[in-house]
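Quick look at data_23.cif (mmCIF, C-alpha atoms):
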data_entry
#
loop_
_atom_site.group_PDB
_atom_site.id
_atom_site.type_symbol
_atom_site.label_atom_id
_atom_site.label_comp_id
_atom_site.auth_asym_id
_atom_site.auth_seq_id
_atom_site.Cartn_x
_atom_site.Cartn_y
_atom_site.Cartn_z
ATOM 1 C CA MET A 313 0.000 0.000 0.000
ATOM 2 C CA ASN A 314 1.315 3.445 -0.926
ATOM 3 C CA ILE A 315 1.188 5.911 1.953
ATOM 4 C CA ALA A 316 1.453 9.694 2.108
ATOM 5 C CA VAL A 317 2.482 11.370 5.354
ATOM 6 C CA LEU A 318 1.489 14.991 6.000
ATOM 7 C CA VAL A 319 3.758 16.844 8.413
ATOM 8 C CA SER A 320 4.480 20.261 9.884
ATOM 9 C CA GLY A 321 7.347 19.727 12.312
ATOM 10 C CA ARG A 322 10.104 17.421 13.497
ATOM 11 C CA GLY A 323 8.488 14.214 12.263
ATOM 12 C CA SER A 324 9.152 11.776 15.100
ATOM 13 C CA ASN A 325 5.986 9.837 14.295
ATOM 14 C CA LEU A 326 7.028 9.833 10.642
ATOM 15 C CA GLN A 327 10.298 8.260 11.778
ATOM 16 C CA ALA A 328 8.391 5.613 13.728
ATOM 17 C CA ILE A 329 6.471 4.680 10.567
ATOM 18 C CA ILE A 330 9.675 4.633 8.490
ATOM 19 C CA ASP A 331 11.362 2.389 11.065
ATOM 20 C CA SER A 332 8.390 0.009 11.134
ATOM 21 C CA ILE A 333 8.555 -0.334 7.346
ATOM 22 C CA GLU A 334 12.318 -0.812 7.248
ATOM 23 C CA SER A 335 12.126 -3.461 9.990
ATOM 24 C CA GLY A 336 9.509 -5.400 8.032
ATOM 25 C CA PHE A 337 6.784 -4.892 10.660
ATOM 26 C CA LEU A 338 4.719 -2.835 8.229
ATOM 27 C CA LYS A 339 4.306 -4.045 4.653
ATOM 28 C CA ALA A 340 3.797 -0.694 2.967
ATOM 29 C CA LYS A 341 5.658 2.108 1.239
ATOM 30 C CA ILE A 342 5.788 5.800 2.024
ATOM 31 C CA SER A 343 5.481 7.284 -1.448
ATOM 32 C CA VAL A 344 5.592 10.935 -0.447
ATOM 33 C CA VAL A 345 5.969 13.201 2.575
ATOM 34 C CA ILE A 346 4.241 16.567 2.248
ATOM 35 C CA SER A 347 4.846 19.519 4.573
ATOM 36 C CA ASP A 348 3.152 22.898 4.918
ATOM 37 C CA LYS A 349 6.370 24.221 6.521
ATOM 38 C CA GLU A 350 9.485 24.636 4.393
ATOM 39 C CA ASP A 351 11.843 24.178 7.360
ATOM 40 C CA ALA A 352 10.119 21.101 8.839
ATOM 41 C CA TYR A 353 12.752 18.612 9.988
ATOM 42 C CA ALA A 354 10.402 15.854 8.841
ATOM 43 C CA LEU A 355 11.370 16.699 5.239
ATOM 44 C CA ILE A 356 15.018 16.026 6.098
ATOM 45 C CA ARG A 357 14.080 12.718 7.742
ATOM 46 C CA ALA A 358 12.233 11.691 4.593
ATOM 47 C CA ALA A 359 15.106 12.659 2.299
ATOM 48 C CA LYS A 360 17.581 10.683 4.433
ATOM 49 C CA HIS A 361 15.540 7.573 3.692
ATOM 50 C CA GLY A 362 15.163 8.269 -0.017
ATOM 51 C CA ILE A 363 11.515 9.278 0.278
ATOM 52 C CA ASN A 364 10.046 11.931 -1.999
ATOM 53 C CA ALA A 365 9.705 15.047 0.206
ATOM 54 C CA ILE A 366 7.588 18.014 -0.898
ATOM 55 C CA PHE A 367 6.891 21.456 0.546
ATOM 56 C CA VAL A 368 3.526 22.911 -0.457
ATOM 57 C CA ASP A 369 3.273 26.566 0.548
ATOM 58 C CA PRO A 370 -0.290 27.393 1.636
ATOM 59 C CA ARG A 371 0.456 31.116 1.568
ATOM 60 C CA LYS A 372 0.995 31.076 -2.188
ATOM 61 C CA LEU A 373 -2.255 29.306 -3.032
ATOM 62 C CA GLY A 374 -4.791 31.791 -1.717
ATOM 63 C CA SER A 375 -7.379 29.435 -0.238
ATOM 64 C CA LYS A 376 -7.693 26.173 1.653
ATOM 65 C CA GLU A 377 -9.379 24.571 -1.348
ATOM 66 C CA LEU A 378 -6.585 25.504 -3.761
ATOM 67 C CA TYR A 379 -3.977 24.368 -1.237
ATOM 68 C CA GLU A 380 -5.635 20.976 -0.854
ATOM 69 C CA ILE A 381 -6.033 20.628 -4.628
ATOM 70 C CA GLU A 382 -2.245 21.039 -4.862
ATOM 71 C CA ILE A 383 -1.804 18.315 -2.239
ATOM 72 C CA LEU A 384 -4.224 16.080 -4.148
ATOM 73 C CA LYS A 385 -2.067 16.440 -7.250
ATOM 74 C CA ALA A 386 0.941 15.164 -5.307
ATOM 75 C CA LEU A 387 -1.096 12.303 -3.801
ATOM 76 C CA LYS A 388 -2.366 11.210 -7.203
ATOM 77 C CA ALA A 389 1.084 11.532 -8.794
ATOM 78 C CA ASN A 390 2.467 9.208 -6.126
ATOM 79 C CA CYS A 391 -0.482 6.759 -6.259
ATOM 80 C CA CYS A 392 -1.251 7.225 -2.552
ATOM 81 C CA GLU A 393 -3.972 5.056 -1.047
ATOM 82 C CA LEU A 394 -3.689 6.127 2.595
ATOM 83 C CA ILE A 395 -2.866 9.448 4.282
ATOM 84 C CA LEU A 396 -1.221 9.679 7.701
ATOM 85 C CA LEU A 397 -1.181 12.938 9.626
ATOM 86 C CA ALA A 398 1.973 13.138 11.741
ATOM 87 C CA GLY A 399 2.205 16.419 13.586
ATOM 88 C CA TYR A 400 0.323 18.104 10.746
ATOM 89 C CA MET A 401 -0.996 21.372 12.142
ATOM 90 C CA ARG A 402 -3.826 22.027 9.689
ATOM 91 C CA ILE A 403 -7.429 20.898 9.823
ATOM 92 C CA ILE A 404 -8.241 18.677 6.867
ATOM 93 C CA GLY A 405 -10.816 20.270 4.600
ATOM 94 C CA LYS A 406 -13.604 18.903 2.439
ATOM 95 C CA THR A 407 -11.391 18.751 -0.674
ATOM 96 C CA LEU A 408 -9.106 16.088 0.826
ATOM 97 C CA LEU A 409 -11.855 14.410 2.849
ATOM 98 C CA GLY A 410 -13.997 14.034 -0.236
ATOM 99 C CA GLN A 411 -11.279 12.126 -2.078
ATOM 100 C CA TYR A 412 -9.892 10.135 0.873
ATOM 101 C CA LYS A 413 -12.839 9.580 3.213
ATOM 102 C CA GLY A 414 -12.054 6.693 5.554
ATOM 103 C CA ARG A 415 -8.437 6.682 4.370
ATOM 104 C CA ILE A 416 -6.942 9.431 6.550
ATOM 105 C CA LEU A 417 -5.483 8.634 9.978
ATOM 106 C CA ASN A 418 -4.322 10.961 12.734
ATOM 107 C CA ILE A 419 -2.582 10.494 16.071
ATOM 108 C CA HIS A 420 -3.482 12.768 18.976
ATOM 109 C CA PRO A 421 -1.693 13.040 22.365
ATOM 110 C CA ALA A 422 -4.789 12.500 24.508
ATOM 111 C CA LEU A 423 -7.413 9.867 25.215
ATOM 112 C CA LEU A 424 -10.077 11.213 22.903
ATOM 113 C CA PRO A 425 -12.766 12.447 23.111
ATOM 114 C CA ALA A 426 -11.093 14.198 26.075
ATOM 115 C CA PHE A 427 -8.754 17.111 25.392
ATOM 116 C CA ALA A 428 -9.108 17.599 21.660
ATOM 117 C CA GLY A 429 -7.227 20.371 19.895
ATOM 118 C CA LEU A 430 -3.956 22.018 20.836
ATOM 119 C CA ASN A 431 -1.962 21.618 24.057
ATOM 120 C CA ALA A 432 -3.640 18.346 25.003
ATOM 121 C CA GLN A 433 -1.018 17.494 27.613
ATOM 122 C CA LYS A 434 -1.462 20.856 29.362
ATOM 123 C CA GLN A 435 -5.229 20.399 29.222
ATOM 124 C CA ALA A 436 -4.853 17.013 30.928
ATOM 125 C CA ILE A 437 -2.586 18.308 33.691
ATOM 126 C CA ASP A 438 -4.727 21.404 34.292
ATOM 127 C CA HIS A 439 -7.808 19.181 34.571
ATOM 128 C CA GLY A 440 -6.122 16.988 37.150
ATOM 129 C CA VAL A 441 -6.562 13.654 35.405
ATOM 130 C CA LYS A 442 -4.678 10.615 36.719
ATOM 131 C CA VAL A 443 -4.362 8.905 33.328
ATOM 132 C CA ALA A 444 -3.543 10.475 29.959
ATOM 133 C CA GLY A 445 -2.455 8.863 26.707
ATOM 134 C CA CYS A 446 -2.765 8.915 22.948
ATOM 135 C CA THR A 447 -5.290 7.991 20.284
ATOM 136 C CA VAL A 448 -5.100 6.918 16.649
ATOM 137 C CA HIS A 449 -8.330 7.728 14.849
ATOM 138 C CA PHE A 450 -9.862 8.149 11.437
ATOM 139 C CA VAL A 451 -10.186 11.773 10.367
ATOM 140 C CA ASP A 452 -13.633 13.209 9.739
ATOM 141 C CA ASP A 453 -14.967 16.744 9.291
ATOM 142 C CA THR A 454 -14.803 17.632 12.999
ATOM 143 C CA LEU A 455 -11.583 18.291 14.932
ATOM 144 C CA ASP A 456 -10.171 15.138 16.594
ATOM 145 C CA SER A 457 -13.568 13.440 16.589
ATOM 146 C CA GLY A 458 -13.279 10.588 14.071
ATOM 147 C CA PRO A 459 -13.774 6.907 14.951
ATOM 148 C CA ILE A 460 -11.087 5.585 17.303
ATOM 149 C CA ILE A 461 -8.772 2.780 16.151
ATOM 150 C CA LEU A 462 -6.301 2.379 19.038
ATOM 151 C CA GLN A 463 -5.532 4.075 22.339
ATOM 152 C CA ARG A 464 -2.722 3.738 24.876
ATOM 153 C CA CYS A 465 -2.734 4.947 28.469
ATOM 154 C CA VAL A 466 0.016 6.794 30.340
ATOM 155 C CA ASP A 467 -0.116 7.473 34.094
ATOM 156 C CA VAL A 468 0.096 11.132 35.079
ATOM 157 C CA LYS A 469 2.676 11.643 37.827
ATOM 158 C CA GLU A 470 2.284 14.188 40.622
ATOM 159 C CA ASP A 471 5.352 16.118 39.460
ATOM 160 C CA ASP A 472 4.627 15.968 35.740
ATOM 161 C CA THR A 473 4.993 19.056 33.600
ATOM 162 C CA ASP A 474 3.482 19.488 30.148
ATOM 163 C CA GLU A 475 6.860 18.501 28.705
ATOM 164 C CA THR A 476 7.534 15.380 30.796
ATOM 165 C CA LEU A 477 4.025 14.073 30.186
ATOM 166 C CA ALA A 478 4.319 14.834 26.477
ATOM 167 C CA ASP A 479 7.596 12.894 26.284
ATOM 168 C CA ARG A 480 6.077 9.759 27.847
ATOM 169 C CA ILE A 481 2.974 9.983 25.678
ATOM 170 C CA LEU A 482 5.173 10.358 22.590
ATOM 171 C CA GLU A 483 6.911 7.058 23.403
ATOM 172 C CA GLN A 484 3.516 5.363 23.196
ATOM 173 C CA GLU A 485 2.553 7.259 20.035
ATOM 174 C CA HIS A 486 5.592 5.752 18.323
ATOM 175 C CA LYS A 487 4.295 2.276 19.210
ATOM 176 C CA ILE A 488 0.583 2.496 18.440
ATOM 177 C CA TYR A 489 0.714 4.514 15.213
ATOM 178 C CA PRO A 490 2.556 1.759 13.296
ATOM 179 C CA GLU A 491 0.245 -0.814 14.905
ATOM 180 C CA ALA A 492 -2.835 1.071 13.693
ATOM 181 C CA VAL A 493 -1.426 1.527 10.194
ATOM 182 C CA LYS A 494 -0.654 -2.194 10.060
ATOM 183 C CA LEU A 495 -4.318 -2.952 10.838
ATOM 184 C CA VAL A 496 -5.408 -0.730 7.941
ATOM 185 C CA VAL A 497 -2.837 -2.150 5.521
ATOM 186 C CA GLU A 498 -3.861 -5.708 6.414
ATOM 187 C CA ASN A 499 -7.571 -4.813 6.022
ATOM 188 C CA ARG A 500 -8.322 -5.881 9.593
ATOM 189 C CA LEU A 501 -10.690 -3.062 10.538
ATOM 190 C CA ARG A 502 -14.470 -2.973 10.223
ATOM 191 C CA MET A 503 -16.671 0.040 10.893
ATOM 192 C CA GLU A 504 -19.938 -0.362 12.784
ATOM 193 C CA GLY A 505 -21.307 3.121 13.227
ATOM 194 C CA ARG A 506 -18.679 4.950 15.278
ATOM 195 C CA LYS A 507 -17.117 1.715 16.497
ATOM 196 C CA VAL A 508 -14.004 0.347 14.804
ATOM 197 C CA LYS A 509 -13.826 -3.423 15.182
ATOM 198 C CA ILE A 510 -10.476 -5.192 14.907
ATOM 199 C CA ILE A 511 -10.476 -8.528 13.114
ATOM 200 C CA LYS A 512 -8.123 -11.022 14.749
#

Could you write out this file's structure as structure tokens?
Amino acid sequence: MNIAVLVSGRGSNLQAIIDSIESGFLKAKISVVISDKEDAYALIRAAKHGINAIFVDPRKLGSKELYEIEILKALKANCCELILLAGYMRIIGKTLLGQYKGRILNIHPALLPAFAGLNAQKQAIDHGVKVAGCTVHFVDDTLDSGPIILQRCVDVKEDDTDETLADRILEQEHKIYPEAVKLVVENRLRMEGRKVKIIK
């Protein structure tokens, strides 16, 4: 299966997917990495592994629709069947959703539906929760609300800061994102309403 990864930053989850492919855990290919930030380190990670890495500048395209049409061109040119969001800091619009409905995954550093949006780790600490974590979900037209594929819990320590909690959650993100992608690639997921059933 040909995969596209959309990024905005350092790309540590991209690296986790690359590593899972190179180890043989994931039988897929990253055909293209697309960033909305020219200086995203994720582009360098991709290039180091011989992956096509593209910067698409949203400021030059005038509208969200035109920007996503440009991304669609790159996806089609690289025969992409699945899109992974990995630290991609833009909300997916109807142009991409219309073409890839049910084929876009995201990872979020919280146990959704709690603490959607930005600064999820700070939200968790400020709320006083005892358990935080991360979620891999399908992307729909509402922020961080799509059907949940996998989740992993992380205990919140009394002396945690936003940063220390984020670091421990990130360790789990690097484990469950490849696991979730593997389930998609192996066609082992079934949707029943909002519930995602895993076929053993």

Edge lengths and centre, in Å to one decimal, as AutoDock Vina command-line options: that's what I need for the box along x, y and z that holds all listed atoms of stretch 374-383 of chain A plus 4 Å on each side.
--center_x -5.6 --center_y 25.1 --center_z -1.6 --size_x 15.6 --size_y 21.5 --size_z 14.5

Exercise. Write out as a ChimeraX atom specification the residues lying within 6 Å of stretch 327-329 of chain A, counting only C-alpha atoms and excluding same-chain residues fewer than 3 positions away.
Key: /A:324,332,486,490

Quiz item: atom CA of A:His449 to atom CA of A:Ile437: how many Å, to one decimal?
Solution: 22.4 Å

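Take atom CA of A:Lys406 and atom CA of A:Glu377: the distance between them is 8.0 Å.
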
Quiz item: What gap, in Å, lies between atom CA of A:Ala426 and atom CA of A:Ala444?
Solution: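 Value for the atom CA of A:Ala426-atom CA of A:Ala444 distance: 9.3 Å.
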
Find the nearest atom pair between each residue of stretch 368-431 of chain A and stretch 497-502 of chain A for residues within 12 Å, count only C-alpha atoms, give distances in Å to one decimal, sort rows by chain and ascending number, and present the table as CSV.
residue,atom,partner,partner_atom,distance
A:Glu393,CA,A:Val497,CA,9.8
A:Leu394,CA,A:Val497,CA,8.8
A:Ile395,CA,A:Val497,CA,11.7
A:Gly414,CA,A:Arg502,CA,11.0
A:Arg415,CA,A:Val497,CA,10.5
A:Leu417,CA,A:Val497,CA,12.0

Take the selection from the previous step and output its residues with C-alpha atoms, as a PDB file, in the coordinates of the input.
ATOM      1  CA  GLU A 393      -3.972   5.056  -1.047  1.00  0.00           C
ATOM      2  CA  LEU A 394      -3.689   6.127   2.595  1.00  0.00           C
ATOM      3  CA  ILE A 395      -2.866   9.448   4.282  1.00  0.00           C
ATOM      4  CA  GLY A 414     -12.054   6.693   5.554  1.00  0.00           C
ATOM      5  CA  ARG A 415      -8.437   6.682   4.370  1.00  0.00           C
ATOM      6  CA  LEU A 417      -5.483   8.634   9.978  1.00  0.00           C
TER       7      LEU A 417
END

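Each of A:Asn390, A:Gln433, A:Ser457, A:Thr407 was compared to A:Ile346 using only C-alpha atoms, and A:Asn390 turns out to be the nearest.
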
Exercise. Show which residues sit within 12 Å of A:Gly505, as a list in words. Count all atoms listed in the file, and ignore same-chain residues fewer than 3 positions away.
Key: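 Returned residues: Gly458, Pro459, Ile460, Arg502, Val508 and Lys509 of chain A.
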
Exercise. Determine, counting only C-alpha atoms, every residue of protein, DNA or RNA that lies within 8 Å of (0.9, 6.7, 25.6) in the file coordinates, then give the result as a list in words.
Key: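 Residues with an atom close enough to that point: Pro421, Ala444, Gly445, Cys446, Gln463, Arg464, Cys465, Val466, Arg480, Ile481, Leu482, Glu483, Gln484 and Glu485 of chain A.
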
Practice problem: Rank nothing, just name the residue among A:Thr454, A:Ala492, A:Lys339, A:Phe367 nearest to A:Leu409, using all atoms listed in the file. | Solution: A:Thr454

Quiz prompt | Selected residue, from A:Met313, A:Leu378, A:Leu326, A:Val448, that lies nearest to A:Ile356 when counting all atoms listed in the file | solution =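 For A:Ile356, the nearest of the given residues is A:Leu326.
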
Practice problem: Spell out the residues picked by the PyMOL selection byres ((chain A and resi 456) around 9) here, as a PyMOL selection string. | Solution: chain A and resi 418-420+424-425+428-429+449-455+457-458

Exercise. Apply the PyMOL selection byres ((chain A and resi 438) around 12) to the structure shown and report the selected residues as a ChimeraX atom specification.
Key: /A:427,431-437,439-442,444,468,470,472-474

Exercise. Please write the residues picked by the PyMOL selection byres ((chain A and resi 352) around 12) on this file as a VMD selection string.
Key: chain A and resid 318 to 324 326 345 to 351 353 to 359 365 to 368 398 to 401

Exercise. Would you please work out which residue, of A:Ile403, A:Ala389, A:Leu396, A:Ile461, is nearest to A:Leu423 when using only C-alpha atoms?
Key: A:Ile461
